[in-house]
$ cat data.cif   # mmCIF, C-alpha atoms
data_upload
loop_
_atom_site.label_atom_id
_atom_site.label_comp_id
_atom_site.auth_asym_id
_atom_site.auth_seq_id
_atom_site.Cartn_x
_atom_site.Cartn_y
_atom_site.Cartn_z
CA LEU W 1 -2.22 24.05 -9.79
CA PRO W 2 -0.92 27.54 -10.72
CA TYR W 3 -2.29 28.84 -7.41
CA ILE W 4 -0.59 26.07 -5.45
CA LYS W 5 2.71 26.77 -7.21
CA TYR W 6 2.34 30.49 -6.43
CA ILE W 7 1.74 29.80 -2.73
CA LEU W 8 4.70 27.42 -2.52
CA THR W 9 7.06 29.71 -4.41
CA LYS W 10 6.14 32.73 -2.26
CA TYR W 11 5.98 31.17 1.20
CA ILE W 12 7.91 27.89 1.38
CA ARG W 13 11.23 29.68 1.92
CA HIS W 14 9.87 31.14 5.17
CA LEU W 15 9.24 27.73 6.77
CA ASP W 16 11.26 26.67 9.79
CA GLY W 17 10.75 23.04 8.85
CA MET W 18 8.68 20.77 6.65
CA MET W 19 7.54 17.15 6.63
CA THR W 20 6.32 15.00 3.75
CA VAL W 21 5.44 11.33 3.30
CA CYS W 22 8.11 9.78 1.04
CA GLU W 23 11.57 10.25 -0.43
CA GLY W 24 10.42 10.92 -3.98
CA ILE W 25 8.20 13.83 -3.00
CA ALA W 26 10.88 15.17 -0.65
CA ALA W 27 13.41 15.12 -3.51
CA GLN W 28 11.02 17.01 -5.77
CA TYR W 29 10.48 19.74 -3.14
CA LYS W 30 14.26 20.04 -2.89
CA LYS W 31 14.61 20.28 -6.66
CA ASP W 32 11.76 22.73 -7.24
CA PHE W 33 11.94 24.92 -4.13
CA GLY W 34 15.31 24.30 -2.46
CA VAL W 35 13.69 22.95 0.72
CA GLN W 36 14.60 19.53 2.16
CA PRO W 37 11.60 18.06 4.00
CA VAL W 38 11.88 15.41 6.69
CA VAL W 39 10.19 12.18 5.60
CA VAL W 40 7.58 10.79 8.01
CA THR W 41 5.72 7.81 6.58
CA ASN W 42 2.02 7.15 7.12
CA ALA W 43 2.64 4.06 9.25
CA PRO W 44 0.07 2.66 11.74
CA ASP W 45 0.65 1.56 15.31
CA TYR W 46 2.65 -1.56 16.08
CA HIS W 47 0.60 -4.67 16.85
CA ALA W 48 2.77 -6.82 19.09
CA ASP W 49 0.07 -9.46 19.51
CA LEU W 50 -0.10 -10.49 15.84
CA ALA W 51 1.87 -13.20 14.06
CA PRO W 52 1.71 -14.60 10.51
CA SER W 53 -1.26 -16.88 9.91
CA PRO W 54 -0.68 -20.32 8.36
CA VAL W 55 -0.60 -20.62 4.56
CA ARG W 56 -2.52 -23.41 2.85
CA LYS W 57 -1.04 -25.06 -0.22
CA ASP W 58 -4.42 -25.17 -1.96
CA ARG W 59 -5.69 -21.67 -1.08
CA ILE W 60 -3.79 -18.38 -1.14
CA ARG W 61 -5.91 -15.42 -0.06
CA LEU W 62 -5.20 -11.97 -1.46
CA VAL W 63 -6.74 -8.89 0.14
CA HIS W 64 -7.06 -5.20 -0.73
CA HIS W 65 -8.58 -2.42 1.32
CA GLY W 66 -9.09 1.23 0.45
CA VAL W 67 -11.26 3.72 -1.35
CA ALA W 68 -13.45 2.61 -4.24
CA HIS W 69 -12.32 5.22 -6.75
CA PRO W 70 -11.54 4.90 -10.48
CA ALA W 71 -8.04 6.30 -9.92
CA ARG W 72 -7.14 3.37 -7.64
CA SER W 73 -6.70 0.76 -10.40
CA ILE W 74 -9.14 -1.68 -8.85
CA GLU W 75 -10.11 -3.06 -12.25
CA GLU W 76 -6.53 -4.18 -12.82
CA MET W 77 -6.56 -6.13 -9.58
CA ILE W 78 -9.85 -7.79 -10.51
CA ASP W 79 -8.53 -8.68 -13.97
CA THR W 80 -5.41 -10.19 -12.41
CA VAL W 81 -7.51 -12.85 -10.67
CA ALA W 82 -8.76 -14.08 -14.05
CA LEU W 83 -5.14 -14.91 -14.90
CA LEU W 84 -4.28 -16.61 -11.61
CA ASP W 85 -4.54 -20.31 -10.95
CA GLU W 86 -7.34 -21.73 -8.84
CA ARG W 87 -5.41 -21.45 -5.58
CA PHE W 88 -5.93 -17.70 -5.45
CA THR W 89 -8.88 -15.71 -4.11
CA LEU W 90 -9.23 -11.95 -3.63
CA ASP W 91 -11.20 -10.12 -0.94
CA PHE W 92 -11.97 -6.39 -1.03
CA TYR W 93 -12.76 -4.08 1.88
CA LEU W 94 -13.75 -0.88 0.12
CA VAL W 95 -14.94 2.44 1.50
CA GLY W 96 -16.49 5.44 -0.22
CA ASN W 97 -19.96 6.47 -1.32
CA ASN W 98 -19.63 5.87 -5.08
CA GLU W 99 -22.19 3.09 -5.17
CA ALA W 100 -22.46 3.07 -8.96
CA TYR W 101 -18.74 2.43 -9.28
CA LYS W 102 -18.83 -0.30 -6.61
CA ASN W 103 -21.65 -1.99 -8.52
CA GLU W 104 -19.56 -1.88 -11.70
CA LEU W 105 -16.67 -3.52 -9.88
CA MET W 106 -18.89 -6.22 -8.42
CA ALA W 107 -20.37 -7.01 -11.82
CA ARG W 108 -16.90 -7.24 -13.32
CA ALA W 109 -15.73 -9.52 -10.52
CA ALA W 110 -18.81 -11.77 -10.78
CA LYS W 111 -17.76 -12.75 -14.31
CA ILE W 112 -14.43 -13.99 -12.98
CA GLY W 113 -15.29 -15.56 -9.63
CA ARG W 114 -13.10 -16.12 -6.56
CA ILE W 115 -13.55 -12.42 -5.64
CA SER W 116 -15.51 -11.22 -2.59
CA PHE W 117 -16.59 -7.77 -1.43
CA ASN W 118 -16.80 -7.31 2.33
CA GLU W 119 -18.14 -4.60 4.58
CA PRO W 120 -15.45 -2.10 5.63
CA VAL W 121 -14.01 -2.42 9.11
CA PRO W 122 -12.83 0.26 11.58
CA MET W 123 -9.21 1.32 11.17
CA ASP W 124 -8.28 0.12 14.65
CA SER W 125 -9.51 -3.38 13.75
CA LEU W 126 -8.01 -3.50 10.27
CA SER W 127 -4.71 -5.23 10.99
CA ARG W 128 -6.43 -8.03 12.90
CA VAL W 129 -8.97 -8.58 10.11
CA LEU W 130 -6.26 -8.58 7.44
CA ASN W 131 -4.15 -11.01 9.48
CA ARG W 132 -6.22 -13.98 8.35
CA TYR W 133 -5.18 -13.39 4.73
CA ASP W 134 -1.90 -14.17 3.00
CA ILE W 135 -1.06 -11.38 0.53
CA GLY W 136 -1.73 -7.65 0.65
CA PHE W 137 -2.40 -6.71 -2.96
CA TYR W 138 -2.12 -3.34 -4.71
CA ILE W 139 -1.64 -2.26 -8.30
CA LEU W 140 -1.68 1.55 -8.58
CA MET W 141 -1.35 2.91 -12.10
CA PRO W 142 1.10 5.87 -12.23
CA ILE W 143 -1.36 8.35 -13.75
CA SER W 144 0.15 11.37 -11.94
CA PHE W 145 3.24 12.37 -10.00
CA ASN W 146 1.49 11.59 -6.72
CA THR W 147 0.31 8.14 -7.78
CA LEU W 148 3.77 7.32 -9.12
CA HIS W 149 5.33 8.22 -5.77
CA ALA W 150 2.53 6.90 -3.56
CA LEU W 151 3.57 5.38 -0.25
CA PRO W 152 0.14 4.72 1.26
CA ASN W 153 -0.76 3.65 4.76
CA LYS W 154 -2.08 0.35 3.37
CA LEU W 155 1.45 -0.84 2.62
CA PHE W 156 2.37 -0.50 6.30
CA GLU W 157 -0.97 -1.96 7.40
CA PHE W 158 -0.15 -5.05 5.31
CA VAL W 159 3.09 -5.32 7.30
CA GLN W 160 1.30 -4.96 10.64
CA ALA W 161 -1.08 -7.71 9.52
CA ARG W 162 2.02 -9.87 8.83
CA LEU W 163 1.14 -10.33 5.17
CA MET W 164 3.22 -10.87 2.12
CA ILE W 165 2.91 -7.89 -0.27
CA ALA W 166 2.30 -7.93 -4.04
CA ILE W 167 2.52 -4.59 -5.84
CA GLY W 168 3.23 -3.02 -9.21
CA PRO W 169 6.58 -1.25 -9.75
CA SER W 170 5.64 1.91 -7.84
CA PRO W 171 9.11 3.10 -6.77
CA GLU W 172 8.34 4.17 -3.20
CA MET W 173 6.44 1.00 -2.32
CA ALA W 174 8.86 -1.19 -4.24
CA SER W 175 11.81 0.15 -2.26
CA TYR W 176 10.29 -1.18 0.97
CA VAL W 177 9.18 -4.49 -0.49
CA GLN W 178 12.64 -5.12 -1.92
CA LYS W 179 14.67 -3.80 1.03
CA TYR W 180 12.85 -5.96 3.57
CA SER W 181 12.05 -8.88 1.23
CA LEU W 182 8.32 -8.53 1.82
CA GLY W 183 6.99 -9.99 -1.44
CA VAL W 184 6.90 -9.47 -5.18
CA VAL W 185 7.09 -6.39 -7.40
CA ALA W 186 5.63 -6.98 -10.85
CA LYS W 187 7.67 -5.97 -13.89
CA ASP W 188 4.97 -3.53 -14.99
CA PHE W 189 1.47 -2.42 -13.98
CA THR W 190 -0.47 -4.89 -16.12
CA PRO W 191 -2.56 -7.79 -14.78
CA GLU W 192 -0.47 -10.11 -16.95
CA SER W 193 2.77 -9.11 -15.27
CA MET W 194 1.30 -9.36 -11.80
CA ALA W 195 -0.24 -12.75 -12.52
CA GLU W 196 3.10 -14.02 -13.78
CA SER W 197 4.74 -13.02 -10.49
CA LEU W 198 2.01 -14.54 -8.32
CA ASN W 199 1.53 -17.81 -10.18
CA ARG W 200 5.17 -18.72 -9.56
CA LEU W 201 4.71 -18.60 -5.79
CA THR W 202 4.57 -21.67 -3.59
CA ALA W 203 2.93 -21.75 -0.17
CA ASP W 204 6.41 -21.87 1.35
CA ASP W 205 7.38 -18.70 -0.54
CA VAL W 206 4.33 -16.88 0.79
CA ALA W 207 5.00 -18.08 4.33
CA GLU W 208 8.60 -16.86 4.17
CA PHE W 209 7.52 -13.38 3.00
CA LYS W 210 4.96 -13.26 5.81
CA ARG W 211 7.68 -14.10 8.32
CA ASN W 212 9.74 -11.22 6.94
CA SER W 213 6.82 -8.86 7.55
CA HIS W 214 6.69 -10.12 11.11
CA LYS W 215 10.40 -9.42 11.62
CA CYS W 216 10.17 -5.77 10.55
CA ALA W 217 6.68 -4.91 11.87
CA ARG W 218 7.95 -2.83 14.78
CA GLN W 219 10.55 -1.06 12.63
CA LEU W 220 7.91 -0.12 10.03
CA SER W 221 5.31 1.05 12.55
CA SER W 222 4.44 4.50 13.88
CA GLU W 223 6.94 4.04 16.72
CA ALA W 224 9.89 4.79 14.46
CA GLN W 225 8.04 7.69 12.84
CA PHE W 226 7.32 9.32 16.22
CA THR W 227 11.06 9.21 16.92
CA ILE W 228 11.71 11.03 13.65
CA MET W 229 9.01 13.59 14.39
CA SER W 230 10.33 14.19 17.90
CA ALA W 231 13.82 14.89 16.58
CA PHE W 232 12.33 17.15 13.91
CA PHE W 233 10.42 19.27 16.42
CA ASP W 234 13.39 19.39 18.80
CA SER W 235 15.50 20.80 15.97
CA LEU W 236 13.07 23.69 15.54
CA VAL W 237 12.99 24.75 19.18
#
$ encode --input "data.cif" --output "structure tokens"
Amino acid sequence: LPYIKYILTKYIRHLDGMMTVCEGIAAQYKKDFGVQPVVVTNAPDYHADLAPSPVRKDRIRLVHHGVAHPARSIEEMIDTVALLDERFTLDFYLVGNNEAYKNELMARAAKIGRISFNEPVPMDSLSRVLNRYDIGFYILMPISFNTLHALPNKLFEFVQARLMIAIGPSPEMASYVQKYSLGVVAKDFTPESMAESLNRLTADDVAEFKRNSHKCARQLSSEAQFTIMSAFFDSLV
């Protein structure tokens, strides 16, 4: 960290321009180094051929995809299922080579039930695979500045899959969920708080949030980000 700070302090003032991935990190660069980066989110391509899948009253399917890593709060998502009513199931699509950790997660999930672990799928197929689910699910404990301000690609992939979104109160993700009415933001990062938010949902609620994802899918895709990047590069020429 001292080395990174040294590099930034010495060289960042010589940049002609800078991009970063969210408003919170951009604001911190401005505060610490006096540089205002352009924000370009990590959004995937627009999938015009997808629409929200139907929601069953007796079965609401949550899904999470990503890296199997202890910093990703996967245990909290597993523990949430134990507090949800019988309508809810959770599917994981996890990548990474930490097999011991994956085995720990599977053993934890087996004690609860209604949780499945699936083989990972290629990124270009992800939105279509996720489309058959109802809720994109992510609790990310704010254990560092970067995790607090995380705005990961999975949030935008949930939108492309036309899913409702359920997250903890991570400010960057929450701003999108609230602005576009995409789902629920738990009061805190605990399984109890998340379960309270999810158990209140009806199938109609979930369907409405999925329709909202459909409405803003193009706006929250890479198309808009390429426009921002094009203007950014034009400004440097």
$ closest_residue --input "data.cif" --among "W:Val40, W:Leu148, W:Ile7, W:Val81" --to "Ile60 in chain W" --atoms "all atoms listed in the file"
W:Val81
$ closest_residue --input "data.cif" --among "W:Tyr180, W:Asn199, W:Lys154, W:His149" --to "Gln28 in chain W" --atoms "all atoms listed in the file"
W:His149
$ resolve_selection --input "data.cif" --expression "the PyMOL selection byres ((chain W and resi 183) around 8)" --output "VMD selection string"
chain W and resid 164 to 166 177 to 178 181 to 182 184 to 185 206 209
$ write_last_selection --input "data.cif" --atoms "C-alpha atoms" --output "short mmCIF file (atom, residue, chain, number, x, y, z; two decimals), in the frame of the given file"
data_model
loop_
_atom_site.label_atom_id
_atom_site.label_comp_id
_atom_site.auth_asym_id
_atom_site.auth_seq_id
_atom_site.Cartn_x
_atom_site.Cartn_y
_atom_site.Cartn_z
CA MET W 164 3.22 -10.87 2.12
CA ILE W 165 2.91 -7.89 -0.27
CA ALA W 166 2.30 -7.93 -4.04
CA VAL W 177 9.18 -4.49 -0.49
CA GLN W 178 12.64 -5.12 -1.92
CA SER W 181 12.05 -8.88 1.23
CA LEU W 182 8.32 -8.53 1.82
CA VAL W 184 6.90 -9.47 -5.18
CA VAL W 185 7.09 -6.39 -7.40
CA VAL W 206 4.33 -16.88 0.79
CA PHE W 209 7.52 -13.38 3.00
#
$ residues_near_point --input "data.cif" --point "(7.7, 14.9, -2.1)" --cutoff "10 Å" --atoms "only C-alpha atoms" --output "VMD selection string"
chain W and resid 19 to 31 36 to 39 145 to 146 149 to 150
$ residues_around --input "data.cif" --residues "Gly168 in chain W" --least-positions-apart "5" --cutoff "6 Å" --atoms "all atoms listed in the file" --output "PyMOL selection string"
chain W and resi 139+185-186+189
